[in-house]
file input.cif (mmCIF, C-alpha atoms and all ligand atoms)
data_protein
#
loop_
_atom_site.label_atom_id
_atom_site.label_comp_id
_atom_site.auth_asym_id
_atom_site.auth_seq_id
_atom_site.Cartn_x
_atom_site.Cartn_y
_atom_site.Cartn_z
CA MET A 4 18.29 -15.74 -28.09
CA LEU A 5 15.94 -12.79 -28.43
CA SER A 6 12.66 -13.70 -30.06
CA TYR A 7 10.26 -11.21 -28.44
CA ARG A 8 9.05 -8.43 -30.77
CA HIS A 9 6.78 -5.82 -29.26
CA SER A 10 5.21 -5.12 -32.66
CA PHE A 11 2.92 -8.14 -32.06
CA HIS A 12 1.59 -6.64 -28.83
CA ALA A 13 1.56 -2.86 -29.35
CA GLY A 14 -1.53 -1.14 -27.96
CA ASN A 15 -2.81 -4.14 -26.02
CA PRO A 16 -4.35 -3.75 -22.52
CA ALA A 17 -0.90 -4.15 -20.92
CA ASP A 18 0.46 -1.26 -23.03
CA VAL A 19 -2.55 0.87 -22.09
CA LEU A 20 -1.88 0.47 -18.36
CA LYS A 21 1.92 0.84 -18.77
CA HIS A 22 1.74 3.95 -20.92
CA LEU A 23 -1.05 5.53 -18.88
CA VAL A 24 1.21 5.35 -15.81
CA LEU A 25 4.33 6.39 -17.77
CA ALA A 26 2.56 9.46 -19.18
CA GLN A 27 1.39 10.58 -15.74
CA VAL A 28 4.82 10.11 -14.17
CA LEU A 29 6.62 12.00 -16.95
CA ASN A 30 4.00 14.73 -16.98
CA TYR A 31 4.63 15.28 -13.28
CA GLN A 32 8.43 14.98 -13.51
CA THR A 33 8.63 17.66 -16.19
CA ILE A 34 6.69 20.33 -14.27
CA LYS A 35 9.87 21.64 -12.63
CA ASP A 36 12.34 23.33 -14.98
CA LYS A 37 15.25 21.33 -13.56
CA PRO A 38 16.79 18.82 -16.02
CA LEU A 39 15.71 15.18 -15.86
CA ASP A 40 17.36 11.95 -17.03
CA TYR A 41 14.87 9.43 -18.45
CA ILE A 42 16.17 5.86 -18.80
CA ASP A 43 14.25 3.18 -20.74
CA THR A 44 16.06 -0.12 -20.13
CA HIS A 45 14.03 -2.16 -22.67
CA SER A 46 12.85 0.22 -25.36
CA GLY A 47 11.56 -1.87 -28.26
CA ALA A 48 11.23 -0.26 -31.70
CA GLY A 49 9.53 2.88 -30.36
CA PHE A 50 6.69 3.21 -32.87
CA PHE A 51 4.23 0.78 -34.46
CA GLU A 52 1.94 0.67 -37.45
CA LEU A 53 -1.13 -1.32 -36.47
CA ALA A 54 -1.96 -2.28 -40.07
CA ALA A 55 1.44 -4.01 -40.37
CA ALA A 56 1.59 -7.79 -40.48
CA ASP A 57 2.84 -8.32 -36.91
CA ALA A 58 0.07 -6.31 -35.22
CA GLN A 59 -2.54 -7.77 -37.59
CA LYS A 60 -1.45 -11.30 -36.78
CA THR A 61 -2.47 -10.99 -33.12
CA GLN A 62 -4.78 -7.92 -33.27
CA GLU A 63 -4.12 -7.40 -29.55
CA TYR A 64 -4.62 -3.64 -29.93
CA GLN A 65 -8.31 -4.34 -30.56
CA ASP A 66 -8.63 -5.42 -26.91
CA GLY A 67 -6.68 -2.37 -25.71
CA ILE A 68 -6.34 1.08 -27.26
CA GLU A 69 -9.10 0.46 -29.82
CA LYS A 70 -11.64 0.08 -27.01
CA LEU A 71 -10.68 3.51 -25.68
CA TRP A 72 -10.50 5.25 -29.05
CA HIS A 73 -13.94 6.89 -28.87
CA HIS A 74 -14.21 6.87 -25.10
CA LYS A 75 -14.60 10.06 -23.06
CA SER A 76 -13.65 9.53 -19.46
CA GLU A 77 -14.61 11.63 -16.47
CA HIS A 78 -10.95 11.45 -15.46
CA ALA A 79 -8.66 14.01 -17.10
CA GLU A 80 -5.59 11.76 -16.91
CA LEU A 81 -7.24 8.96 -18.91
CA ASN A 82 -8.45 11.46 -21.53
CA GLU A 83 -4.93 12.93 -21.69
CA TYR A 84 -3.47 9.48 -22.40
CA ILE A 85 -6.05 8.85 -25.17
CA GLU A 86 -5.36 12.30 -26.67
CA LEU A 87 -1.63 11.63 -26.52
CA ILE A 88 -2.04 8.45 -28.60
CA LYS A 89 -4.32 10.36 -31.00
CA SER A 90 -1.59 12.95 -31.50
CA PHE A 91 0.52 10.23 -33.18
CA ASN A 92 -2.30 9.59 -35.69
CA ASP A 93 -2.93 12.02 -38.55
CA THR A 94 -6.60 11.11 -38.99
CA ASP A 95 -9.41 10.04 -36.66
CA GLU A 96 -8.56 6.43 -37.43
CA LEU A 97 -6.38 4.41 -35.09
CA THR A 98 -3.41 3.60 -37.35
CA PHE A 99 -0.27 4.09 -35.25
CA TYR A 100 0.63 3.33 -31.66
CA PRO A 101 3.71 4.85 -29.96
CA GLY A 102 6.02 2.74 -27.84
CA SER A 103 7.48 3.98 -24.56
CA PRO A 104 10.39 5.85 -26.30
CA LYS A 105 8.05 8.01 -28.39
CA ILE A 106 5.80 8.65 -25.40
CA ALA A 107 8.82 9.74 -23.37
CA GLU A 108 10.12 11.90 -26.22
CA HIS A 109 6.80 13.76 -26.16
CA TYR A 110 7.46 14.87 -22.57
CA LEU A 111 11.25 15.37 -22.63
CA ARG A 112 12.42 18.97 -22.96
CA ARG A 113 15.64 20.51 -24.26
CA GLN A 114 17.24 20.39 -20.83
CA ASP A 115 16.45 16.66 -20.35
CA LYS A 116 18.31 13.55 -21.53
CA GLY A 117 16.71 10.32 -22.76
CA TRP A 118 18.63 7.03 -22.64
CA PHE A 119 17.13 4.12 -24.61
CA PHE A 120 18.49 0.55 -24.42
CA GLU A 121 17.49 -2.20 -26.88
CA LEU A 122 19.22 -5.50 -27.68
CA HIS A 123 17.24 -6.94 -30.61
CA PRO A 124 19.19 -5.96 -33.76
CA ARG A 125 16.12 -5.25 -35.90
CA ASP A 126 14.27 -3.31 -33.20
CA LEU A 127 17.48 -1.42 -32.42
CA LEU A 128 17.66 -0.23 -36.06
CA LEU A 129 14.00 0.80 -35.99
CA LEU A 130 14.50 2.55 -32.66
CA GLU A 131 17.47 4.48 -34.03
CA GLU A 132 15.37 5.56 -37.01
CA ASN A 133 12.40 6.50 -34.85
CA MET A 134 14.45 8.50 -32.34
CA GLN A 135 16.92 10.23 -34.65
CA GLY A 136 17.40 13.96 -34.85
CA LYS A 137 17.50 14.99 -31.21
CA ARG A 138 20.81 15.72 -29.53
CA SER A 139 19.46 14.95 -26.07
CA ILE A 140 18.53 11.36 -27.02
CA ARG A 141 20.92 8.44 -26.85
CA VAL A 142 20.08 4.99 -28.18
CA ARG A 143 22.28 2.11 -26.97
CA GLY A 144 22.44 -1.47 -28.29
CA GLU A 145 23.45 -2.75 -24.87
CA ASP A 146 21.95 -4.67 -21.96
CA GLY A 147 19.50 -2.30 -20.27
CA PHE A 148 19.91 -3.73 -16.76
CA ALA A 149 23.67 -3.09 -16.69
CA GLY A 150 23.18 0.14 -18.64
CA LEU A 151 20.81 1.52 -16.01
CA VAL A 152 23.17 0.86 -13.11
CA GLY A 153 26.06 2.40 -15.09
CA LEU A 154 24.13 5.66 -15.56
CA LEU A 155 23.42 6.19 -11.86
CA PRO A 156 23.61 8.57 -10.13
CA PRO A 157 22.64 10.82 -13.06
CA ALA A 158 24.41 14.14 -13.63
CA SER A 159 21.03 15.93 -13.35
CA ARG A 160 20.35 14.35 -9.92
CA ARG A 161 16.81 13.64 -11.14
CA ALA A 162 15.94 10.34 -12.83
CA CYS A 163 12.88 8.60 -14.12
CA VAL A 164 13.33 4.95 -15.15
CA LEU A 165 11.18 2.43 -17.03
CA ILE A 166 12.14 -1.25 -16.73
CA ASP A 167 10.06 -3.24 -19.21
CA PRO A 168 11.71 -6.60 -19.99
CA PRO A 169 9.99 -9.31 -22.06
CA TYR A 170 10.39 -11.90 -19.24
CA GLU A 171 11.20 -14.51 -21.91
CA ILE A 172 14.11 -15.48 -19.72
CA LYS A 173 12.59 -16.58 -16.42
CA ASP A 174 15.58 -15.07 -14.57
CA ASP A 175 14.23 -11.63 -15.59
CA TYR A 176 11.88 -11.65 -12.57
CA GLU A 177 14.86 -11.94 -10.20
CA THR A 178 17.12 -9.77 -12.33
CA VAL A 179 14.59 -6.94 -12.06
CA VAL A 180 14.71 -7.02 -8.25
CA LYS A 181 18.52 -7.36 -8.11
CA THR A 182 18.97 -4.51 -10.60
CA LEU A 183 16.59 -2.29 -8.65
CA VAL A 184 18.47 -2.93 -5.42
CA LYS A 185 21.75 -1.88 -7.11
CA ALA A 186 20.13 1.12 -8.78
CA TYR A 187 18.51 2.25 -5.52
CA GLN A 188 21.83 1.95 -3.65
CA ARG A 189 23.33 4.35 -6.18
CA PHE A 190 20.33 6.64 -6.45
CA ALA A 191 17.52 6.23 -3.90
CA THR A 192 15.49 9.26 -4.95
CA GLY A 193 14.84 8.23 -8.58
CA THR A 194 11.37 7.26 -9.76
CA TYR A 195 11.46 3.65 -10.97
CA MET A 196 8.64 2.02 -12.94
CA ILE A 197 8.64 -1.72 -13.47
CA TRP A 198 6.22 -3.46 -15.82
CA TYR A 199 5.30 -7.11 -15.16
CA PRO A 200 3.05 -9.74 -16.77
CA VAL A 201 0.94 -12.15 -14.72
CA VAL A 202 1.45 -15.53 -16.38
CA ASP A 203 2.35 -17.42 -13.21
CA ARG A 204 1.10 -15.58 -10.10
CA GLU A 205 3.79 -17.11 -7.88
CA ARG A 206 6.53 -15.32 -9.80
CA ILE A 207 4.84 -11.96 -9.17
CA ASP A 208 4.25 -12.76 -5.49
CA ASN A 209 7.99 -13.49 -5.21
CA MET A 210 8.91 -10.30 -7.04
CA GLU A 211 6.67 -8.22 -4.76
CA GLN A 212 8.12 -9.92 -1.66
CA GLY A 213 11.64 -9.30 -2.94
CA LEU A 214 10.89 -5.59 -3.26
CA ILE A 215 9.16 -5.44 0.15
CA ASP A 216 12.16 -7.17 1.79
CA SER A 217 14.71 -4.97 -0.02
CA GLY A 218 14.32 -1.98 2.30
CA MET A 219 13.21 0.34 -0.50
CA ARG A 220 10.52 2.80 0.55
CA ASN A 221 7.38 4.22 -1.05
CA ILE A 222 6.38 1.50 -3.51
CA GLN A 223 3.01 1.41 -5.24
CA LEU A 224 1.50 -1.26 -7.49
CA PHE A 225 -1.18 -0.98 -10.17
CA GLU A 226 -2.47 -4.14 -11.86
CA LEU A 227 -5.13 -4.70 -14.49
CA GLY A 228 -6.52 -8.23 -14.76
CA THR A 229 -8.36 -8.70 -18.04
CA GLU A 230 -9.51 -12.05 -16.65
CA ALA A 231 -9.06 -14.08 -13.48
CA ASP A 232 -5.69 -15.79 -12.86
CA THR A 233 -5.34 -19.16 -14.55
CA ASP A 234 -2.48 -21.61 -15.04
CA VAL A 235 -3.93 -22.86 -18.32
CA HIS A 236 -2.92 -20.15 -20.80
CA GLY A 237 -0.68 -17.04 -21.16
CA MET A 238 -0.91 -13.57 -19.66
CA THR A 239 -4.17 -12.72 -17.91
CA ALA A 240 -3.07 -9.55 -16.10
CA SER A 241 -0.21 -7.08 -16.05
CA GLY A 242 0.99 -4.42 -13.71
CA MET A 243 3.20 -1.45 -13.07
CA ILE A 244 5.19 -1.11 -9.86
CA VAL A 245 6.30 2.44 -9.11
CA ILE A 246 8.99 3.34 -6.59
CA ASN A 247 8.95 6.99 -5.46
CA PRO A 248 5.75 7.79 -7.39
CA PRO A 249 4.34 11.29 -7.90
CA TRP A 250 2.20 12.16 -4.90
CA LYS A 251 -1.14 12.09 -6.74
CA LEU A 252 -0.57 8.92 -8.78
CA LYS A 253 -2.33 6.46 -6.48
CA GLN A 254 -5.30 8.74 -5.94
CA THR A 255 -5.70 9.07 -9.72
CA MET A 256 -5.25 5.36 -10.38
CA ASP A 257 -7.75 4.49 -7.61
CA ALA A 258 -10.28 6.50 -9.62
CA ILE A 259 -9.32 5.27 -13.12
CA MET A 260 -8.78 1.53 -12.53
CA PRO A 261 -12.47 0.58 -12.10
CA GLU A 262 -13.21 2.36 -15.38
CA LEU A 263 -10.34 0.58 -17.16
CA VAL A 264 -11.57 -2.80 -15.91
CA SER A 265 -15.07 -2.11 -17.17
CA LEU A 266 -13.69 -1.07 -20.56
CA LEU A 267 -10.95 -3.66 -21.11
CA SER A 268 -11.71 -6.74 -19.01
CA GLU A 269 -13.87 -9.84 -19.11
CA PRO A 270 -16.50 -10.18 -16.34
CA SER A 271 -13.91 -12.08 -14.26
CA GLY A 272 -11.44 -9.14 -14.59
CA PHE A 273 -10.11 -7.20 -11.62
CA TYR A 274 -7.68 -4.49 -10.59
CA ARG A 275 -5.22 -3.77 -7.81
CA SER A 276 -4.12 -0.31 -6.70
CA GLU A 277 -1.94 -0.72 -3.65
CA GLN A 278 0.70 0.96 -1.52
CA LEU A 279 3.10 -2.02 -1.23
CA VAL A 280 5.60 -0.21 1.01
CA ASP A 281 4.93 3.06 2.86
CA GLU A 282 7.00 6.21 2.46
C1 LIG B 1 8.31 -5.38 -23.76
S1 LIG B 1 9.41 -4.87 -25.00
C2 LIG B 1 9.59 -3.16 -24.72
C3 LIG B 1 8.40 -2.33 -25.03
C4 LIG B 1 8.59 -0.85 -24.81
N1 LIG B 1 9.15 -0.56 -23.49
C5 LIG B 1 7.28 -0.10 -24.96
O1 LIG B 1 6.59 0.14 -23.95
O2 LIG B 1 6.97 0.28 -26.08
C6 LIG B 1 10.96 -5.48 -24.39
C7 LIG B 1 12.16 -5.19 -25.32
O3 LIG B 1 13.34 -5.47 -24.58
C8 LIG B 1 14.33 -5.96 -25.49
N2 LIG B 1 15.34 -6.63 -24.65
C9 LIG B 1 15.35 -7.89 -24.17
N3 LIG B 1 16.36 -8.07 -23.32
C10 LIG B 1 17.01 -6.88 -23.23
C11 LIG B 1 18.12 -6.41 -22.46
N4 LIG B 1 18.77 -7.24 -21.60
N5 LIG B 1 18.49 -5.13 -22.60
C12 LIG B 1 17.84 -4.29 -23.45
N6 LIG B 1 16.79 -4.68 -24.20
C13 LIG B 1 16.37 -5.95 -24.09
C14 LIG B 1 13.55 -6.83 -26.43
O4 LIG B 1 14.23 -7.00 -27.66
C15 LIG B 1 12.23 -6.03 -26.57
O5 LIG B 1 12.28 -5.19 -27.69
#

call {"tool": "encode", "arguments": {"input": "input.cif", "output": "structure tokens", "more": "lines below"}}
Ligand SMILES: C[S@@+](CC[C@H](N)C(=O)[O-])C[C@H]1O[C@@H](n2cnc3c(N)ncnc32)[C@H](O)[C@@H]1O
result
Amino acid sequence: MLSYRHSFHAGNPADVLKHLVLAQVLNYQTIKDKPLDYIDTHSGAGFFELAAADAQKTQEYQDGIEKLWHHKSEHAELNEYIELIKSFNDTDELTFYPGSPKIAEHYLRRQDKGWFFELHPRDLLLLEENMQGKRSIRVRGEDGFAGLVGLLPPASRRACVLIDPPYEIKDDYETVVKTLVKAYQRFATGTYMIWYPVVDRERIDNMEQGLIDSGMRNIQLFELGTEADTDVHGMTASGMIVINPPWKLKQTMDAIMPELVSLLSEPSGFYRSEQLVDE
């Protein structure tokens, strides 16, 4: 049973961190002319109107992208992310927020391929509508974990992957690690990004340990805590794990994370920017 809809959460602090990292990775991966395969295992609808009922019900974007809307950072990469989101809005007002597929589409070139998996029937239809018109883009109504493994190794020999499950099914935490192990066996040089929510810290500790024990190399982790861990209510932090990151990513995130915490977090908020496994 799929009940998660990203339209309730678009533009929240978790999306800000996820898409800030995604934009930097894709920006770097598309410097070389060589073709790239981008694979989004859990795509969502791809594009969101913040005035729509779902986003208005939770208003989570007000704690995320809205707080950055008029912000000028001293870090070019944070400004570039804010400008990227602005490019999806016709006026100065924050009205629309792009999902990961639209952000990826912005970076993908004619020589690249984008693969987008989505299982929810309604979001799949929206995704198809939002991504239509480009020959290099393929939308699949199939399981993204199996889909990813099936696409590796990619014909281009260069791959950039986003794994962003809803974690509604508690097995997702383990499935992520198992899928990564299979994907890495088939293609060890890809760049893999994994988003995670901190609802129960133990699950994330286990996921991190699973990755550390897997033998994969060069793993970094970036986490934004909008408040201190608690076992009383929902998500208090979220993170992105990046395997085979661009060489400057950690240096940039080391600089940006304190600024993001001061902009998006409660006084008890925190960040992590760590090299989990060395190169
Ligand atoms: C967190 S949302 C994705 C948000 C999107 N990546 C973004 O950043 O805009 C997760 C999506 O995964 C979909 N989903 C759940 N299980 C899936 C599976 N096994 N394969 C593909 N999609 C799945 C859900 O319907 C939901 O739309």

call {"tool": "residues_around", "arguments": {"input": "input.cif", "residues": "Met134 in chain A", "least_positions_apart": "2", "cutoff": "12 Å", "atoms": "only C-alpha atoms", "output": "compact mmCIF listing (two decimals) with C-alpha atoms, in the coordinates of the input"}}
result
# COMPACT_ATOMS: atom_id res chain seq x y z
CA SER A 46 12.85 0.22 -25.36
CA GLY A 47 11.56 -1.87 -28.26
CA ALA A 48 11.23 -0.26 -31.70
CA GLY A 49 9.53 2.88 -30.36
CA PHE A 50 6.69 3.21 -32.87
CA PRO A 101 3.71 4.85 -29.96
CA GLY A 102 6.02 2.74 -27.84
CA SER A 103 7.48 3.98 -24.56
CA PRO A 104 10.39 5.85 -26.30
CA LYS A 105 8.05 8.01 -28.39
CA ILE A 106 5.80 8.65 -25.40
CA ALA A 107 8.82 9.74 -23.37
CA GLU A 108 10.12 11.90 -26.22
CA HIS A 109 6.80 13.76 -26.16
CA GLY A 117 16.71 10.32 -22.76
CA TRP A 118 18.63 7.03 -22.64
CA PHE A 119 17.13 4.12 -24.61
CA PHE A 120 18.49 0.55 -24.42
CA ASP A 126 14.27 -3.31 -33.20
CA LEU A 127 17.48 -1.42 -32.42
CA LEU A 128 17.66 -0.23 -36.06
CA LEU A 129 14.00 0.80 -35.99
CA LEU A 130 14.50 2.55 -32.66
CA GLU A 131 17.47 4.48 -34.03
CA GLU A 132 15.37 5.56 -37.01
CA GLY A 136 17.40 13.96 -34.85
CA LYS A 137 17.50 14.99 -31.21
CA ARG A 138 20.81 15.72 -29.53
CA SER A 139 19.46 14.95 -26.07
CA ILE A 140 18.53 11.36 -27.02
CA ARG A 141 20.92 8.44 -26.85
CA VAL A 142 20.08 4.99 -28.18
CA ARG A 143 22.28 2.11 -26.97

call {"tool": "residues_near_ligand", "arguments": {"input": "input.cif", "ligand": "ligand LIG 1 (chain B)", "cutoff": "9 Å", "atoms": "only C-alpha atoms and all ligand atoms", "output": "CSV table (one decimal) with C-alpha atoms, in the coordinates of the input"}}
result
chain,number,residue,atom,x,y,z
A,5,LEU,CA,15.9,-12.8,-28.4
A,6,SER,CA,12.7,-13.7,-30.1
A,7,TYR,CA,10.3,-11.2,-28.4
A,8,ARG,CA,9.0,-8.4,-30.8
A,9,HIS,CA,6.8,-5.8,-29.3
A,10,SER,CA,5.2,-5.1,-32.7
A,12,HIS,CA,1.6,-6.6,-28.8
A,13,ALA,CA,1.6,-2.9,-29.4
A,14,GLY,CA,-1.5,-1.1,-28.0
A,18,ASP,CA,0.5,-1.3,-23.0
A,21,LYS,CA,1.9,0.8,-18.8
A,22,HIS,CA,1.7,4.0,-20.9
A,43,ASP,CA,14.2,3.2,-20.7
A,44,THR,CA,16.1,-0.1,-20.1
A,45,HIS,CA,14.0,-2.2,-22.7
A,46,SER,CA,12.8,0.2,-25.4
A,47,GLY,CA,11.6,-1.9,-28.3
A,48,ALA,CA,11.2,-0.3,-31.7
A,49,GLY,CA,9.5,2.9,-30.4
A,50,PHE,CA,6.7,3.2,-32.9
A,51,PHE,CA,4.2,0.8,-34.5
A,100,TYR,CA,0.6,3.3,-31.7
A,101,PRO,CA,3.7,4.8,-30.0
A,102,GLY,CA,6.0,2.7,-27.8
A,103,SER,CA,7.5,4.0,-24.6
A,104,PRO,CA,10.4,5.8,-26.3
A,105,LYS,CA,8.0,8.0,-28.4
A,106,ILE,CA,5.8,8.6,-25.4
A,119,PHE,CA,17.1,4.1,-24.6
A,120,PHE,CA,18.5,0.6,-24.4
A,121,GLU,CA,17.5,-2.2,-26.9
A,122,LEU,CA,19.2,-5.5,-27.7
A,123,HIS,CA,17.2,-6.9,-30.6
A,124,PRO,CA,19.2,-6.0,-33.8
A,125,ARG,CA,16.1,-5.2,-35.9
A,126,ASP,CA,14.3,-3.3,-33.2
A,127,LEU,CA,17.5,-1.4,-32.4
A,143,ARG,CA,22.3,2.1,-27.0
A,144,GLY,CA,22.4,-1.5,-28.3
A,145,GLU,CA,23.4,-2.8,-24.9
A,146,ASP,CA,22.0,-4.7,-22.0
A,147,GLY,CA,19.5,-2.3,-20.3
A,148,PHE,CA,19.9,-3.7,-16.8
A,149,ALA,CA,23.7,-3.1,-16.7
A,150,GLY,CA,23.2,0.1,-18.6
A,165,LEU,CA,11.2,2.4,-17.0
A,166,ILE,CA,12.1,-1.2,-16.7
A,167,ASP,CA,10.1,-3.2,-19.2
A,168,PRO,CA,11.7,-6.6,-20.0
A,169,PRO,CA,10.0,-9.3,-22.1
A,170,TYR,CA,10.4,-11.9,-19.2
A,171,GLU,CA,11.2,-14.5,-21.9
A,172,ILE,CA,14.1,-15.5,-19.7
A,175,ASP,CA,14.2,-11.6,-15.6
A,198,TRP,CA,6.2,-3.5,-15.8

call {"tool": "residues_around", "arguments": {"input": "input.cif", "residues": "Thr192 in chain A", "least_positions_apart": "3", "cutoff": "10 Å", "atoms": "all atoms listed in the file", "output": "VMD selection string"}}
result
chain A and resid 156 160 to 163 187 to 189 195 220 246 to 247

call {"tool": "residues_around", "arguments": {"input": "input.cif", "residues": "Glu277 in chain A", "least_positions_apart": "6", "cutoff": "8 Å", "atoms": "all atoms listed in the file", "output": "list in words"}}
result
Gln223, Leu224, Phe225 and Lys253 of chain A

call {"tool": "write_last_selection", "arguments": {"input": "input.cif", "atoms": "C-alpha atoms", "output": "PDB file, in the coordinates of the input"}}
result
ATOM      1  CA  GLN A 223       3.010   1.410  -5.240  1.00  0.00           C
ATOM      2  CA  LEU A 224       1.500  -1.260  -7.490  1.00  0.00           C
ATOM      3  CA  PHE A 225      -1.180  -0.980 -10.170  1.00  0.00           C
ATOM      4  CA  LYS A 253      -2.330   6.460  -6.480  1.00  0.00           C
TER       5      LYS A 253
END

call {"tool": "closest_residue", "arguments": {"input": "input.cif", "among": "A:Leu111, A:His74, A:Glu282, A:Val202", "to": "His236 in chain A", "atoms": "all atoms listed in the file"}}
result
A:Val202

call {"tool": "closest_residue", "arguments": {"input": "input.cif", "among": "A:Val264, A:Ala54, A:Val280, A:Ala186", "to": "Pro157 in chain A", "atoms": "only C-alpha atoms"}}
result
A:Ala186

call {"tool": "atom_distance", "arguments": {"input": "input.cif", "atom1": "CA of Leu227 in chain A", "atom2": "CA of Lys60 in chain A"}}
result
23.5 Å

call {"tool": "residues_around", "arguments": {"input": "input.cif", "residues": "Arg275 in chain A", "least_positions_apart": "6", "cutoff": "12 Å", "atoms": "all atoms listed in the file", "output": "JSON, numbers by chain"}}
result
{"A": [20, 223, 224, 225, 226, 227, 228, 229, 240, 241, 242, 243, 244, 253, 256, 257, 258, 259, 260, 261, 263, 264]}

call {"tool": "atom_distance", "arguments": {"input": "input.cif", "atom1": "CA of Gln278 in chain A", "atom2": "CA of Ile222 in chain A"}}
result
6.0 Å

call {"tool": "atom_distance", "arguments": {"input": "input.cif", "atom1": "CA of Pro248 in chain A", "atom2": "CA of Lys116 in chain A"}}
result
19.8 Å

call {"tool": "closest_residue", "arguments": {"input": "input.cif", "among": "A:Leu81, A:Leu214, A:Leu154, A:Leu71", "to": "Ala26 in chain A", "atoms": "all atoms listed in the file"}}
result
A:Leu81

call {"tool": "axis_aligned_box", "arguments": {"input": "input.cif", "around": "range 160-172 of chain A", "padding_each_side": "8 Å", "output": "AutoDock Vina command-line options"}}
result
--center_x 15.2 --center_y -0.6 --center_z -16.0 --size_x 26.4 --size_y 45.8 --size_z 28.1

call {"tool": "closest_residue", "arguments": {"input": "input.cif", "among": "A:Asp281, A:Asp57, A:Glu52, A:Glu63", "to": "Phe91 in chain A", "atoms": "only C-alpha atoms"}}
result
A:Glu52

call {"tool": "build_atoms", "arguments": {"input": "input.cif", "residues": "range 101-113 of chain A", "atoms": "N, CA and C atoms", "output": "PDB file, in the frame of the given file"}}
result
ATOM      1  N   PRO A 101       2.325   4.565 -30.367  1.00  0.00           N
ATOM      2  CA  PRO A 101       3.710   4.850 -29.960  1.00  0.00           C
ATOM      3  C   PRO A 101       4.174   3.886 -28.867  1.00  0.00           C
ATOM      4  N   GLY A 102       5.435   3.501 -28.942  1.00  0.00           N
ATOM      5  CA  GLY A 102       6.020   2.740 -27.840  1.00  0.00           C
ATOM      6  C   GLY A 102       6.499   3.696 -26.751  1.00  0.00           C
ATOM      7  N   SER A 103       7.044   3.133 -25.677  1.00  0.00           N
ATOM      8  CA  SER A 103       7.480   3.980 -24.560  1.00  0.00           C
ATOM      9  C   SER A 103       8.495   5.056 -24.990  1.00  0.00           C
ATOM     10  N   PRO A 104       9.431   4.793 -25.942  1.00  0.00           N
ATOM     11  CA  PRO A 104      10.390   5.850 -26.300  1.00  0.00           C
ATOM     12  C   PRO A 104       9.707   7.085 -26.893  1.00  0.00           C
ATOM     13  N   LYS A 105       8.729   6.862 -27.768  1.00  0.00           N
ATOM     14  CA  LYS A 105       8.050   8.010 -28.390  1.00  0.00           C
ATOM     15  C   LYS A 105       7.187   8.737 -27.370  1.00  0.00           C
ATOM     16  N   ILE A 106       6.597   7.999 -26.442  1.00  0.00           N
ATOM     17  CA  ILE A 106       5.800   8.650 -25.400  1.00  0.00           C
ATOM     18  C   ILE A 106       6.722   9.512 -24.531  1.00  0.00           C
ATOM     19  N   ALA A 107       7.871   8.965 -24.184  1.00  0.00           N
ATOM     20  CA  ALA A 107       8.820   9.740 -23.370  1.00  0.00           C
ATOM     21  C   ALA A 107       9.300  10.972 -24.134  1.00  0.00           C
ATOM     22  N   GLU A 108       9.623  10.778 -25.402  1.00  0.00           N
ATOM     23  CA  GLU A 108      10.120  11.900 -26.220  1.00  0.00           C
ATOM     24  C   GLU A 108       9.123  13.066 -26.215  1.00  0.00           C
ATOM     25  N   HIS A 109       7.840  12.720 -26.180  1.00  0.00           N
ATOM     26  CA  HIS A 109       6.800  13.760 -26.160  1.00  0.00           C
ATOM     27  C   HIS A 109       6.958  14.676 -24.932  1.00  0.00           C
ATOM     28  N   TYR A 110       7.372  14.088 -23.811  1.00  0.00           N
ATOM     29  CA  TYR A 110       7.460  14.870 -22.570  1.00  0.00           C
ATOM     30  C   TYR A 110       8.837  15.507 -22.362  1.00  0.00           C
ATOM     31  N   LEU A 111       9.892  14.888 -22.932  1.00  0.00           N
ATOM     32  CA  LEU A 111      11.250  15.370 -22.630  1.00  0.00           C
ATOM     33  C   LEU A 111      11.490  16.744 -23.261  1.00  0.00           C
ATOM     34  N   ARG A 112      12.155  17.608 -22.498  1.00  0.00           N
ATOM     35  CA  ARG A 112      12.420  18.970 -22.960  1.00  0.00           C
ATOM     36  C   ARG A 112      13.889  19.117 -23.336  1.00  0.00           C
ATOM     37  N   ARG A 113      14.254  20.308 -23.802  1.00  0.00           N
ATOM     38  CA  ARG A 113      15.640  20.510 -24.260  1.00  0.00           C
ATOM     39  C   ARG A 113      16.663  20.243 -23.181  1.00  0.00           C
TER      40      ARG A 113
END
